[in-house]
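run.pdb (PDB, C-alpha atoms) appears below.
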```pdb
ATOM      1  CA  MET A   1      80.052  -2.275  35.566
ATOM      2  CA  PHE A   2      79.088  -0.182  32.539
ATOM      3  CA  LYS A   3      78.750  -3.351  30.429
ATOM      4  CA  LYS A   4      76.466  -4.910  33.073
ATOM      5  CA  LEU A   5      74.188  -1.826  33.030
ATOM      6  CA  ILE A   6      73.862  -1.980  29.237
ATOM      7  CA  VAL A   7      72.990  -5.705  29.317
ATOM      8  CA  THR A   8      70.383  -5.066  32.046
ATOM      9  CA  ALA A   9      68.839  -2.175  30.079
ATOM     10  CA  ILE A  10      68.597  -4.260  26.898
ATOM     11  CA  ALA A  11      67.020  -7.155  28.793
ATOM     12  CA  THR A  12      64.298  -4.906  30.258
ATOM     13  CA  LEU A  13      63.348  -3.154  26.995
ATOM     14  CA  PRO A  14      60.652  -5.707  26.058
ATOM     15  CA  LEU A  15      59.041  -5.233  29.463
ATOM     16  CA  LEU A  16      58.979  -1.468  29.074
ATOM     17  CA  PHE A  17      57.176  -1.730  25.741
ATOM     18  CA  GLY A  18      54.685  -4.376  26.819
ATOM     19  CA  ALA A  19      56.142  -7.274  24.842
ATOM     20  CA  THR A  20      55.325 -10.735  26.062
ATOM     21  CA  VAL A  21      58.095 -13.244  25.538
ATOM     22  CA  ALA A  22      58.952 -16.655  26.850
ATOM     23  CA  ASP A  23      62.332 -18.279  27.101
ATOM     24  CA  ALA A  24      63.075 -21.330  25.016
ATOM     25  CA  ALA A  25      66.314 -23.195  24.678
ATOM     26  CA  GLY A  26      68.094 -22.293  21.474
ATOM     27  CA  PRO A  27      71.223 -23.748  19.921
ATOM     28  CA  ALA A  28      73.925 -24.629  22.463
ATOM     29  CA  GLY A  29      71.507 -23.980  25.316
ATOM     30  CA  PHE A  30      71.155 -20.214  24.784
ATOM     31  CA  SER A  31      67.738 -18.719  25.412
ATOM     32  CA  ARG A  32      65.886 -16.971  22.645
ATOM     33  CA  GLY A  33      62.680 -14.898  22.918
ATOM     34  CA  ILE A  34      59.553 -16.367  21.365
ATOM     35  CA  ALA A  35      56.023 -15.035  21.461
ATOM     36  CA  LYS A  36      53.784 -16.884  23.892
ATOM     37  CA  THR A  37      51.103 -18.901  22.173
ATOM     38  CA  PRO A  38      47.656 -17.984  23.509
ATOM     39  CA  ALA A  39      46.148 -20.552  25.856
ATOM     40  CA  VAL A  40      42.980 -22.340  24.787
ATOM     41  CA  SER A  41      40.078 -20.454  26.345
ATOM     42  CA  PHE A  42      36.480 -21.326  27.002
ATOM     43  CA  ILE A  43      33.613 -19.026  27.834
ATOM     44  CA  ARG A  44      32.780 -19.262  31.556
ATOM     45  CA  GLU A  45      29.245 -19.940  32.661
ATOM     46  CA  ARG A  46      28.205 -18.071  35.774
ATOM     47  CA  SER A  47      24.875 -18.743  37.441
ATOM     48  CA  PRO A  48      21.698 -20.419  36.152
ATOM     49  CA  THR A  49      19.323 -18.003  34.474
ATOM     50  CA  LEU A  50      16.021 -18.021  32.625
ATOM     51  CA  ALA A  51      16.033 -19.372  29.098
ATOM     52  CA  PRO A  52      14.782 -16.964  26.434
ATOM     53  CA  PHE A  53      11.007 -17.465  26.282
ATOM     54  CA  ALA A  54      11.180 -17.986  22.515
ATOM     55  CA  HIS A  55      13.614 -20.868  23.146
ATOM     56  CA  VAL A  56      11.212 -22.446  25.635
ATOM     57  CA  LYS A  57       8.538 -22.355  22.906
ATOM     58  CA  PHE A  58      11.027 -23.751  20.373
ATOM     59  CA  CYS A  59      11.775 -26.727  22.651
ATOM     60  CA  LYS A  60       8.073 -27.422  23.092
ATOM     61  CA  SER A  61       7.640 -27.615  19.309
ATOM     62  CA  ASN A  62      11.010 -29.320  18.641
ATOM     63  CA  PRO A  63      11.757 -31.644  21.581
ATOM     64  CA  ALA A  64      14.425 -33.595  19.642
ATOM     65  CA  ASP A  65      16.495 -30.385  19.378
ATOM     66  CA  CYS A  66      16.352 -29.941  23.146
ATOM     67  CA  ASN A  67      17.116 -33.441  24.431
ATOM     68  CA  ALA A  68      19.742 -33.817  27.147
ATOM     69  CA  GLY A  69      23.215 -33.697  25.640
ATOM     70  CA  ARG A  70      25.177 -36.776  24.686
ATOM     71  CA  GLY A  71      28.697 -37.296  23.372
ATOM     72  CA  GLU A  72      31.883 -35.396  24.126
ATOM     73  CA  ALA A  73      31.690 -31.932  25.685
ATOM     74  CA  ILE A  74      34.825 -30.847  23.773
ATOM     75  CA  VAL A  75      35.326 -31.849  20.131
ATOM     76  CA  ASN A  76      38.860 -32.554  18.943
ATOM     77  CA  LEU A  77      39.240 -29.997  16.153
ATOM     78  CA  THR A  78      40.975 -31.906  13.377
ATOM     79  CA  GLY A  79      41.419 -30.448   9.910
ATOM     80  CA  ALA A  80      38.382 -32.403   8.731
ATOM     81  CA  LYS A  81      36.251 -31.114  11.609
ATOM     82  CA  ARG A  82      37.360 -27.531  10.967
ATOM     83  CA  GLY A  83      36.374 -28.003   7.323
ATOM     84  CA  GLN A  84      32.910 -29.196   8.354
ATOM     85  CA  LEU A  85      32.436 -26.167  10.599
ATOM     86  CA  GLN A  86      33.472 -23.779   7.836
ATOM     87  CA  SER A  87      31.274 -25.531   5.299
ATOM     88  CA  VAL A  88      28.151 -25.512   7.488
ATOM     89  CA  ASN A  89      28.673 -21.910   8.583
ATOM     90  CA  ALA A  90      29.133 -20.659   5.003
ATOM     91  CA  GLN A  91      26.350 -22.822   3.522
ATOM     92  CA  VAL A  92      23.721 -21.781   6.073
ATOM     93  CA  ASN A  93      24.760 -18.128   5.849
ATOM     94  CA  ARG A  94      24.381 -18.263   2.041
ATOM     95  CA  SER A  95      21.199 -20.308   1.827
ATOM     96  CA  MET A  96      19.055 -18.523   4.438
ATOM     97  CA  ARG A  97      17.682 -15.040   3.890
ATOM     98  CA  ALA A  98      18.067 -12.745   6.899
ATOM     99  CA  ARG A  99      14.658 -11.586   8.110
ATOM    100  CA  SER A 100      13.626 -10.201  11.486
ATOM    101  CA  ASP A 101      10.451 -11.535  13.094
ATOM    102  CA  GLN A 102      10.565  -9.129  16.044
ATOM    103  CA  ASN A 103       7.797  -6.949  14.619
ATOM    104  CA  GLY A 104       5.388  -9.799  13.927
ATOM    105  CA  ALA A 105       2.181 -10.254  15.906
ATOM    106  CA  ALA A 106       3.462 -13.539  17.350
ATOM    107  CA  GLY A 107       6.670 -11.920  18.618
ATOM    108  CA  ASP A 108      10.079 -13.559  18.402
ATOM    109  CA  ILE A 109       9.888 -17.107  17.007
ATOM    110  CA  TRP A 110      12.900 -19.428  17.081
ATOM    111  CA  GLN A 111      13.052 -21.970  14.233
ATOM    112  CA  ALA A 112      15.535 -24.343  12.616
ATOM    113  CA  GLY A 113      15.737 -25.455   8.993
ATOM    114  CA  THR A 114      13.852 -22.504   7.518
ATOM    115  CA  GLN A 115      14.421 -20.582   4.284
ATOM    116  CA  SER A 116      14.690 -17.278   6.134
ATOM    117  CA  GLY A 117      14.979 -16.067   9.685
ATOM    118  CA  ASP A 118      16.914 -13.980  12.140
ATOM    119  CA  CYS A 119      20.146 -14.705  14.000
ATOM    120  CA  GLU A 120      18.888 -17.426  16.342
ATOM    121  CA  ASP A 121      17.285 -19.290  13.410
ATOM    122  CA  PHE A 122      20.696 -19.370  11.699
ATOM    123  CA  ALA A 123      22.295 -20.655  14.934
ATOM    124  CA  LEU A 124      19.671 -23.363  15.477
ATOM    125  CA  THR A 125      19.900 -24.485  11.845
ATOM    126  CA  LYS A 126      23.699 -24.799  12.083
ATOM    127  CA  ARG A 127      23.375 -26.752  15.322
ATOM    128  CA  ARG A 128      20.870 -29.160  13.786
ATOM    129  CA  GLN A 129      23.025 -29.692  10.680
ATOM    130  CA  LEU A 130      26.182 -30.369  12.684
ATOM    131  CA  ILE A 131      24.363 -32.880  14.897
ATOM    132  CA  SER A 132      23.095 -34.659  11.757
ATOM    133  CA  MET A 133      26.755 -34.894  10.647
ATOM    134  CA  GLY A 134      27.693 -36.668  13.886
ATOM    135  CA  TRP A 135      28.835 -33.735  16.034
ATOM    136  CA  SER A 136      28.278 -34.091  19.755
ATOM    137  CA  PRO A 137      25.218 -32.054  20.862
ATOM    138  CA  ARG A 138      27.032 -31.291  24.124
ATOM    139  CA  SER A 139      29.622 -29.249  22.228
ATOM    140  CA  LEU A 140      27.039 -27.119  20.363
ATOM    141  CA  ARG A 141      25.416 -24.308  22.357
ATOM    142  CA  VAL A 142      23.377 -21.292  21.345
ATOM    143  CA  ALA A 143      24.531 -18.096  23.059
ATOM    144  CA  VAL A 144      22.828 -14.721  23.358
ATOM    145  CA  ALA A 145      24.871 -11.535  23.251
ATOM    146  CA  THR A 146      24.789  -7.893  22.212
ATOM    147  CA  THR A 147      26.784  -6.428  19.336
ATOM    148  CA  SER A 148      29.033  -3.390  19.635
ATOM    149  CA  SER A 149      26.062  -1.267  18.515
ATOM    150  CA  GLY A 150      23.914  -2.669  21.356
ATOM    151  CA  GLU A 151      21.729  -4.895  19.179
ATOM    152  CA  GLY A 152      20.615  -8.260  20.584
ATOM    153  CA  HIS A 153      22.223 -11.183  18.769
ATOM    154  CA  ALA A 154      22.453 -14.984  18.928
ATOM    155  CA  VAL A 155      25.200 -17.275  17.628
ATOM    156  CA  LEU A 156      26.275 -20.893  17.823
ATOM    157  CA  LEU A 157      29.268 -21.589  20.069
ATOM    158  CA  VAL A 158      31.213 -24.787  19.386
ATOM    159  CA  LYS A 159      33.371 -26.125  22.205
ATOM    160  CA  THR A 160      36.555 -27.513  20.648
ATOM    161  CA  SER A 161      40.095 -28.468  21.580
ATOM    162  CA  LYS A 162      41.058 -25.014  20.215
ATOM    163  CA  GLY A 163      38.590 -23.215  22.503
ATOM    164  CA  ASP A 164      35.043 -21.958  22.014
ATOM    165  CA  LEU A 165      34.487 -20.992  18.384
ATOM    166  CA  VAL A 166      31.715 -18.699  17.134
ATOM    167  CA  LEU A 167      29.546 -19.436  14.095
ATOM    168  CA  ASP A 168      27.860 -16.127  13.283
ATOM    169  CA  ASN A 169      25.424 -15.327  10.472
ATOM    170  CA  ARG A 170      27.118 -11.933   9.995
ATOM    171  CA  THR A 171      30.371 -13.468   8.720
ATOM    172  CA  SER A 172      31.706 -16.629   7.115
ATOM    173  CA  THR A 173      34.832 -16.353   9.283
ATOM    174  CA  ILE A 174      34.805 -18.579  12.346
ATOM    175  CA  LYS A 175      36.325 -16.756  15.308
ATOM    176  CA  ASN A 176      37.421 -17.518  18.833
ATOM    177  CA  TRP A 177      34.797 -16.216  21.283
ATOM    178  CA  ARG A 178      37.246 -13.598  22.614
ATOM    179  CA  ARG A 179      37.899 -12.145  19.142
ATOM    180  CA  THR A 180      34.387 -10.965  18.307
ATOM    181  CA  ASP A 181      32.598  -7.665  18.904
ATOM    182  CA  LEU A 182      30.037  -9.445  21.088
ATOM    183  CA  ARG A 183      29.265  -8.805  24.756
ATOM    184  CA  TRP A 184      28.085 -12.122  26.097
ATOM    185  CA  VAL A 185      24.794 -12.368  28.024
ATOM    186  CA  LYS A 186      23.720 -16.012  28.380
ATOM    187  CA  ILE A 187      24.321 -19.490  26.974
ATOM    188  CA  GLN A 188      22.505 -22.803  26.959
ATOM    189  CA  SER A 189      23.932 -25.761  28.823
ATOM    190  CA  GLY A 190      25.719 -28.457  26.830
ATOM    191  CA  ASP A 191      24.347 -31.104  29.167
ATOM    192  CA  ASN A 192      20.755 -29.898  28.958
ATOM    193  CA  PRO A 193      19.876 -27.420  26.179
ATOM    194  CA  ARG A 194      16.745 -26.363  28.100
ATOM    195  CA  ARG A 195      18.926 -24.914  30.886
ATOM    196  CA  TRP A 196      20.704 -21.579  30.466
ATOM    197  CA  PHE A 197      23.488 -19.782  32.299
ATOM    198  CA  SER A 198      24.427 -16.127  32.548
ATOM    199  CA  LEU A 199      27.866 -15.138  31.235
TER
END
```

The structure in this file should be written as structure tokens.
Amino acid sequence: MFKKLIVTAIATLPLLFGATVADAAGPAGFSRGIAKTPAVSFIRERSPTLAPFAHVKFCKSNPADCNAGRGEAIVNLTGAKRGQLQSVNAQVNRSMRARSDQNGAAGDIWQAGTQSGDCEDFALTKRRQLISMGWSPRSLRVAVATTSSGEGHAVLLVKTSKGDLVLDNRTSTIKNWRRTDLRWVKIQSGDNPRRWFSL
């Protein structure tokens, strides 16, 4: 009886301390604890919402960037594809000078392929470059969010077999959408970049 109580207490220790384990067959059929691998996760669109007005103006001036999506909605993230993402993210972050246009007389202007710009210009430039490299436009979506300090921000989200990945001009590190400091607000549709959804 005493031995059974000790075994039960040892078995429940991980639960008391919040550990998450899964059973897997070990040698000779014994179970061993292994950490659960996180499931692939995608950001969930909610309801249709208004596109940012600056994006509407961008589409009017750059219709090819706003054509209905084609290709796969989810890109298989091979080593080569991951390398392309890292290369484009780092190259655009290095080559463009960060500059806010919020205080200009014309207001916020979204552009792609410029020498300088603010966050959405970085995101649009990365999107355009990846499409030119053969990436599916349906997998590349600009998202609007707020940072932990409450500042408005825009990034490129890439829908991959490893989940939605964030290309951000603030860092060369590509992160899963759940592992950023961002609070998500809205995202463009992969099927039609002119349509947006709340998050």

Point-to-point distance in Å for CA of Leu140 (chain A) and CA of Val158 (chain A):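 Interatomic distance, CA of Val158 (chain A) to CA of Leu140 (chain A): 4.9 Å.
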
Answer key for the PyMOL selection byres ((chain A and resi 122-132) around 6), residues as an MDAnalysis selection string: chainID A and resid 112:113 119:121 133:135 155:156

Mind telling me what the PyMOL selection byres ((chain A and resi 80-92) around 8) catches here, as a PDB file with C-alpha atoms, in the coordinates of the input?
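The resulting selection-v5.pdb:
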```pdb
ATOM      1  CA  ASN A  76      38.860 -32.554  18.943  1.00  0.00           C
ATOM      2  CA  LEU A  77      39.240 -29.997  16.153  1.00  0.00           C
ATOM      3  CA  THR A  78      40.975 -31.906  13.377  1.00  0.00           C
ATOM      4  CA  GLY A  79      41.419 -30.448   9.910  1.00  0.00           C
ATOM      5  CA  ASN A  93      24.760 -18.128   5.849  1.00  0.00           C
ATOM      6  CA  ARG A  94      24.381 -18.263   2.041  1.00  0.00           C
ATOM      7  CA  SER A  95      21.199 -20.308   1.827  1.00  0.00           C
ATOM      8  CA  MET A  96      19.055 -18.523   4.438  1.00  0.00           C
ATOM      9  CA  PHE A 122      20.696 -19.370  11.699  1.00  0.00           C
ATOM     10  CA  THR A 125      19.900 -24.485  11.845  1.00  0.00           C
ATOM     11  CA  LYS A 126      23.699 -24.799  12.083  1.00  0.00           C
ATOM     12  CA  GLN A 129      23.025 -29.692  10.680  1.00  0.00           C
ATOM     13  CA  LEU A 130      26.182 -30.369  12.684  1.00  0.00           C
ATOM     14  CA  LEU A 167      29.546 -19.436  14.095  1.00  0.00           C
ATOM     15  CA  ASP A 168      27.860 -16.127  13.283  1.00  0.00           C
ATOM     16  CA  ASN A 169      25.424 -15.327  10.472  1.00  0.00           C
ATOM     17  CA  SER A 172      31.706 -16.629   7.115  1.00  0.00           C
ATOM     18  CA  THR A 173      34.832 -16.353   9.283  1.00  0.00           C
ATOM     19  CA  ILE A 174      34.805 -18.579  12.346  1.00  0.00           C
TER      20      ILE A 174
END
```

Ground truth for the PyMOL selection byres ((chain A and resi 44) around 10), written as a PyMOL selection string: chain A and resi 41-43+45-47+187+197-199

Contacts of Ala145 (chain A) within 9 Å, all atoms listed in the file, excl. fewer than 5 positions in-chain, as number ranges by chain: A: 151-155, 182-187

Å distance separating CA of Arg195 (chain A) from CA of Gly107 (chain A), one decimal place: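 So the answer is 21.7 Å.
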
Pick from A:Phe58, A:Gln188, A:Thr171, A:Leu50, whichever lies nearest to Gln111 (chain A) using all atoms listed in the file: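 Answer, going by the shortest atom-to-atom distance: A:Phe58.
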
Atomic separation - CA of Arg179 (chain A) relative to CA of Lys162 (chain A), Å: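 Interatomic distance, CA of Lys162 (chain A) to CA of Arg179 (chain A): 13.3 Å.
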